[in-house]
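One file, data_32.txt, is given below (compact mmCIF, C-alpha atoms).
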# COMPACT_ATOMS: atom_id res chain seq x y z
CA MET A 286 12.36 36.53 67.93
CA TYR A 287 10.38 34.69 70.60
CA ILE A 288 7.24 36.61 69.68
CA GLY A 289 7.59 35.46 66.05
CA ALA A 290 8.04 31.84 67.15
CA ALA A 291 4.93 32.07 69.33
CA SER A 292 2.93 33.46 66.41
CA TYR A 293 4.01 30.55 64.21
CA ALA A 294 3.13 28.12 66.99
CA SER A 295 -0.37 29.57 67.38
CA LEU A 296 -0.95 29.50 63.65
CA PHE A 297 0.21 25.88 63.53
CA ALA A 298 -2.11 24.91 66.36
CA THR A 299 -5.12 26.69 64.87
CA ALA A 300 -4.67 25.33 61.32
CA PHE A 301 -4.19 21.71 62.28
CA SER A 302 -6.13 21.35 65.56
CA GLY A 303 -8.37 18.30 65.69
CA SER A 304 -6.53 16.49 62.91
CA GLY A 305 -3.76 13.96 63.29
CA ALA A 306 -1.92 14.92 60.11
CA VAL A 307 1.64 16.13 60.38
CA PRO A 308 2.01 19.45 58.48
CA GLN A 309 4.48 19.61 55.58
CA PRO A 310 6.71 22.68 55.14
CA SER A 311 4.88 23.62 51.95
CA GLN A 312 1.55 23.59 53.81
CA LEU A 313 2.67 26.15 56.38
CA PRO A 314 1.04 29.55 55.81
CA LEU A 315 3.44 32.44 55.12
CA PRO A 316 3.26 35.66 57.00
CA ALA A 317 1.92 38.66 55.21
CA SER A 318 5.36 40.36 55.26
CA LEU A 319 6.99 37.44 53.39
CA SER A 320 4.12 36.75 50.99
CA SER A 321 4.10 40.37 49.87
CA LEU A 322 7.73 40.33 48.65
CA PRO A 323 8.07 41.02 44.88
CA SER A 324 8.91 38.13 42.56
CA SER A 325 11.88 40.05 41.14
CA VAL A 326 14.02 39.45 44.22
CA GLY A 327 15.50 36.27 42.70
CA LYS A 328 16.20 38.01 39.42
CA LEU A 329 17.85 40.90 41.26
CA GLY A 330 20.09 38.44 43.10
CA SER A 331 21.17 36.76 39.87
CA ASP A 332 21.93 40.15 38.28
CA VAL A 333 24.02 41.15 41.27
CA GLY A 334 25.96 37.86 41.03
CA LEU A 335 26.71 38.33 37.32
CA GLY A 336 27.77 41.92 37.93
CA SER A 337 30.17 40.78 40.63
CA VAL A 338 31.74 38.19 38.30
CA ALA A 339 32.14 40.79 35.53
CA THR A 340 33.75 43.19 37.98
CA VAL A 341 36.20 40.53 39.14
CA LEU A 342 37.12 39.65 35.55
CA ARG A 343 37.62 43.31 34.68
CA LEU A 344 39.84 43.79 37.71
CA ASP A 345 41.90 40.74 36.73
CA GLU A 346 42.30 42.10 33.20
CA GLU A 347 43.38 45.51 34.47
CA THR A 348 45.83 43.85 36.85
CA GLY A 349 47.39 41.84 33.99
CA GLN A 350 47.68 44.98 31.85
CA MET A 351 49.37 46.81 34.69
CA GLN A 352 51.87 43.96 35.12
CA ILE A 353 52.67 44.02 31.39
CA ASP A 354 53.19 47.80 31.55
CA LYS A 355 55.51 47.41 34.52
CA ILE A 356 57.56 44.74 32.72
CA PHE A 357 57.81 46.91 29.60
CA HIS A 358 58.92 49.95 31.59
CA ALA A 359 61.48 47.86 33.47
CA VAL A 360 62.94 46.46 30.23
CA TRP A 361 63.02 49.91 28.64
CA ALA A 362 64.76 51.37 31.69
CA PHE A 363 67.35 48.59 31.52
CA ILE A 364 68.01 49.29 27.82
CA LEU A 365 68.44 53.00 28.53
CA SER A 366 70.84 52.26 31.38
CA VAL A 367 72.94 49.99 29.14
CA PHE A 368 72.98 52.69 26.46
CA ASP A 369 74.12 55.25 29.00
CA VAL A 370 76.92 52.94 30.16
CA VAL A 371 78.10 52.36 26.58
CA LYS A 372 77.92 56.07 25.83
CA ASN A 373 79.92 56.95 28.93
CA TRP A 374 82.49 54.28 28.08
CA ALA A 375 82.80 55.63 24.54
CA VAL A 376 83.27 59.15 25.85
CA CYS A 377 85.91 58.06 28.37
CA TRP A 378 87.84 55.50 26.33
CA GLY A 379 86.88 56.09 22.71
CA PRO A 380 88.47 58.57 20.29
CA SER A 381 87.50 62.18 20.62
CA LEU A 382 85.52 64.06 18.02
CA ASP A 383 88.51 66.26 17.24
CA TRP A 384 90.62 63.20 16.44
CA ILE A 385 87.90 61.76 14.18
CA SER A 386 87.52 65.07 12.36
CA GLU A 387 91.26 65.34 11.85
CA ALA A 388 91.49 61.76 10.55
CA LEU A 389 88.67 62.35 8.06
CA SER A 390 90.25 65.57 6.87
CA THR A 391 93.63 63.86 6.37
CA SER A 392 92.02 60.97 4.47
CA TYR A 393 90.10 63.35 2.22
CA THR A 394 93.26 65.26 1.42
CA PHE A 395 95.16 62.05 0.62
CA VAL A 396 92.40 60.79 -1.71
CA GLN A 397 92.22 64.19 -3.36
CA ASN A 398 95.96 64.14 -4.04
CA HIS A 399 95.93 60.51 -5.31
CA PRO A 400 92.49 59.99 -6.92
CA HIS A 401 93.27 57.42 -9.62
CA PRO A 402 94.25 54.46 -7.40
CA PHE A 403 91.12 54.94 -5.29
CA HIS A 404 89.04 55.32 -8.43
CA ILE A 405 90.29 51.98 -9.75
CA LEU A 406 89.96 50.36 -6.33
CA GLY A 407 86.34 51.47 -5.90
CA TRP A 408 85.18 50.17 -9.26
CA THR A 409 87.18 46.96 -8.82
CA VAL A 410 85.41 46.23 -5.55
CA PHE A 411 82.03 46.92 -7.15
CA PHE A 412 82.43 45.01 -10.45
CA GLY A 413 84.67 42.23 -9.20
CA PRO A 414 86.97 40.13 -11.38
CA ILE A 415 85.13 41.06 -14.58
CA ILE A 416 86.84 44.42 -14.48
CA VAL A 417 90.12 42.76 -15.50
CA LEU A 418 88.55 41.17 -18.59
CA ILE A 419 88.90 44.18 -20.86
CA PRO A 420 92.51 44.92 -19.81
CA CYS A 421 93.42 41.25 -20.36
CA LEU A 422 91.85 41.18 -23.82
CA LEU A 423 93.54 44.46 -24.68
CA LEU A 424 96.83 42.98 -23.49
CA VAL A 425 96.37 39.96 -25.79
CA GLU A 426 95.64 42.25 -28.74
CA LEU A 427 98.70 44.34 -27.88
CA VAL A 428 100.86 41.20 -27.83
CA ILE A 429 99.52 40.23 -31.28
CA ILE A 430 100.33 43.64 -32.72
CA VAL A 431 103.84 43.67 -31.20
CA ILE A 432 104.64 40.19 -32.54
CA PHE A 433 103.34 41.18 -35.97
CA HIS A 434 105.58 44.23 -36.17
CA LEU A 435 108.59 42.39 -34.76
CA GLU A 436 108.15 39.69 -37.39
CA SER A 437 108.01 42.27 -40.14
CA PHE A 438 111.03 44.08 -38.72
CA LEU A 439 113.21 40.97 -38.19
CA HIS A 440 112.27 38.90 -41.22
CA GLY A 441 111.35 41.59 -43.67
CA GLN A 442 108.56 41.34 -46.18
CA SER A 443 107.53 37.72 -46.65
CA GLY A 444 105.51 36.13 -49.39
CA GLU A 445 102.32 36.34 -47.34
CA THR A 446 100.23 39.44 -47.34
CA ILE A 447 99.88 41.59 -44.24
CA PRO A 448 96.20 40.65 -43.59
CA ASP A 449 97.04 36.96 -43.88
CA ARG A 450 99.84 37.19 -41.33
CA LEU A 451 97.64 39.20 -38.95
CA ASP A 452 94.81 36.68 -39.26
CA PHE A 453 97.27 33.87 -38.61
CA LEU A 454 98.41 35.51 -35.35
CA LYS A 455 94.83 36.12 -34.26
CA ASP A 456 93.94 32.50 -34.91
CA TYR A 457 97.05 31.41 -33.05
CA PHE A 458 96.02 33.39 -29.92
CA ILE A 459 92.28 32.61 -30.15
CA GLU A 460 92.55 29.87 -27.53
CA THR A 461 94.36 32.24 -25.20
CA ARG A 462 91.57 34.79 -25.48
CA GLU A 463 88.87 32.20 -24.90
CA SER A 464 90.73 30.79 -21.92
CA VAL A 465 91.07 34.23 -20.34
CA PHE A 466 87.42 35.00 -20.97
CA ALA A 467 86.22 31.69 -19.46
CA THR A 468 88.43 32.07 -16.40
CA VAL A 469 87.30 35.62 -15.67
CA GLU A 470 83.67 34.67 -16.21
CA ARG A 471 83.98 31.79 -13.73
CA TRP A 472 85.60 34.04 -11.13
CA THR A 473 82.94 36.71 -11.64
CA ALA A 474 80.10 34.21 -11.15
CA ALA A 475 81.62 33.01 -7.87
CA PHE A 476 82.17 36.61 -6.75
CA ASN A 477 78.56 37.58 -7.45
CA GLN A 478 77.21 34.47 -5.71
CA LYS A 479 79.23 35.10 -2.54
CA THR A 480 78.45 38.80 -2.30
CA VAL A 481 74.72 38.37 -2.92
CA ALA A 482 74.49 35.61 -0.29
CA HIS A 483 76.12 37.81 2.39
CA PRO A 484 74.58 41.28 2.95
CA ALA A 485 77.81 42.57 4.53
CA LEU A 486 79.80 41.82 1.36
CA LEU A 487 77.05 43.35 -0.74
CA GLY A 488 77.31 46.49 1.37
CA VAL A 489 81.07 46.59 0.74
CA ARG A 490 80.39 46.40 -3.01
CA LEU A 491 77.96 49.31 -2.78
CA LEU A 492 80.51 51.32 -0.80
CA GLY A 493 83.04 50.60 -3.56
CA ALA A 494 80.59 51.96 -6.13
CA LEU A 495 80.05 55.09 -4.04
CA LEU A 496 83.80 55.56 -3.67
CA GLY A 497 84.38 55.12 -7.40
CA GLY A 498 81.59 57.52 -8.31
CA TRP A 499 82.71 60.11 -5.77
CA VAL A 500 86.33 60.00 -6.95
CA LEU A 501 85.21 60.12 -10.58
CA ALA A 502 83.15 63.23 -9.84
CA GLY A 503 86.17 64.73 -8.08
CA ILE A 504 88.45 64.00 -11.05
CA TRP A 505 85.87 65.48 -13.41
CA SER A 506 85.60 68.63 -11.29
CA GLY A 507 89.37 69.16 -11.38
CA TRP A 508 91.02 67.61 -8.34
This entry written out as structure tokens:
Amino acid sequence: MYIGAASYASLFATAFSGSGAVPQPSQLPLPASLSSLPSSVGKLGSDVGLGSVATVLRLDEETGQMQIDKIFHAVWAFILSVFDVVKNWAVCWGPSLDWISEALSTSYTFVQNHPHPFHILGWTVFFGPIIVLIPCLLLVELVIIVIFHLESFLHGQSGETIPDRLDFLKDYFIETRESVFATVERWTAAFNQKTVAHPALLGVRLLGALLGGWVLAGIWSGW
């Protein structure tokens, strides 16, 4: 180190001896070892700096991905533990499979022995109040026919013809039929609106259709 300083001192003295000018740093001659360095040293340094930044960013990204994976695995492990707890609770406190099988077998036997009420119940749940429209209209027609025959039986043959008396009774009960039809239609519209707005009620309607179809197939096959 001292030898290098002495060399610089001698060069300084030789270059500026006899002149009173103070040398500037840019006027100092460079040693041969420094002047022979390649010009790509600066570029190499900048490339190394950019590579270091890219490496740091890549490490940060990998670290964030690892943290996300750890969080996901922790949440999944928690869900599995909760499922295991619920399953163990169901096994310890819930009904056994034998009891469920026996209950299903008993229910199937009961439906098989009494198919018609369940058939009507299933289709009633599916169609709603409109299913009572046809029975109500048939009931009105039955009342008209009964009154017609009772009138003929109690009063005998009157001056009016049979078609005229029957038309008179139909016209007399026309308002009753229209009132029944309007009422059932209003109830059916409300029923459809409520069941479509709530998926659970719509599912119950579909179960009613399945029950009605299943019982109908059972009746057809000879239950």
Checklist entry - When you draw a straight line from CA of Thr480 in chain A to CA of Val417 in chain A, how long is it in Å? => result 18.1 Å
Next on the checklist: Here is a test: counting all atoms listed in the file, which residue of A:Ile430, A:Ala502, A:Leu486, A:Val465 is nearest to Gly413 in chain A?
Outcome noted: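 Nearest candidate to Gly413 in chain A out of A:Ile430, A:Ala502, A:Leu486, A:Val465: A:Leu486.
In terms of minimum interatomic distance to Phe395 in chain A, A:Val500 ranks closest within A:Gly507, A:Gly407, A:Glu426, A:Val500, counting all atoms listed in the file.
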Checklist entry - So which one's closest to Gly503 in chain A, A:Met351, A:Ile364, A:Thr394, A:Asp383? Using only C-alpha atoms, please. => result A:Thr394
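Minimum atom-to-atom distances from A:Ile356, A:Val428, A:Leu418, A:Ala467 to Leu451 in chain A were compared using all atoms listed in the file, and the lowest value belongs to A:Val428.
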Checklist outcome for this item: The distance between CA of Ser392 in chain A and CA of Leu406 in chain A is 15.3 Å
Next on the checklist: Nearest residue to Ala494 in chain A out of A:Leu365, A:Ala375, A:Val410, A:Ala388, using all atoms listed in the file?
Outcome noted: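 Of A:Leu365, A:Ala375, A:Val410, A:Ala388, the one nearest Ala494 in chain A is A:Val410, counting all atoms listed in the file.
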Item to check | Distance of CA of Leu454 in chain A from CA of Ile429 in chain A, expressed in Å to one decimal place | outcome: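 Atom-to-atom, CA of Ile429 in chain A and CA of Leu454 in chain A are spaced 6.3 Å apart.
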Next on the checklist: Using only C-alpha atoms for the distances, tell me which of A:Arg462, A:Lys479, A:Lys372, A:Lys355 is nearest to Pro420 in chain A.
Outcome noted: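 That would be A:Arg462, the residue with the smallest distance to Pro420 in chain A.
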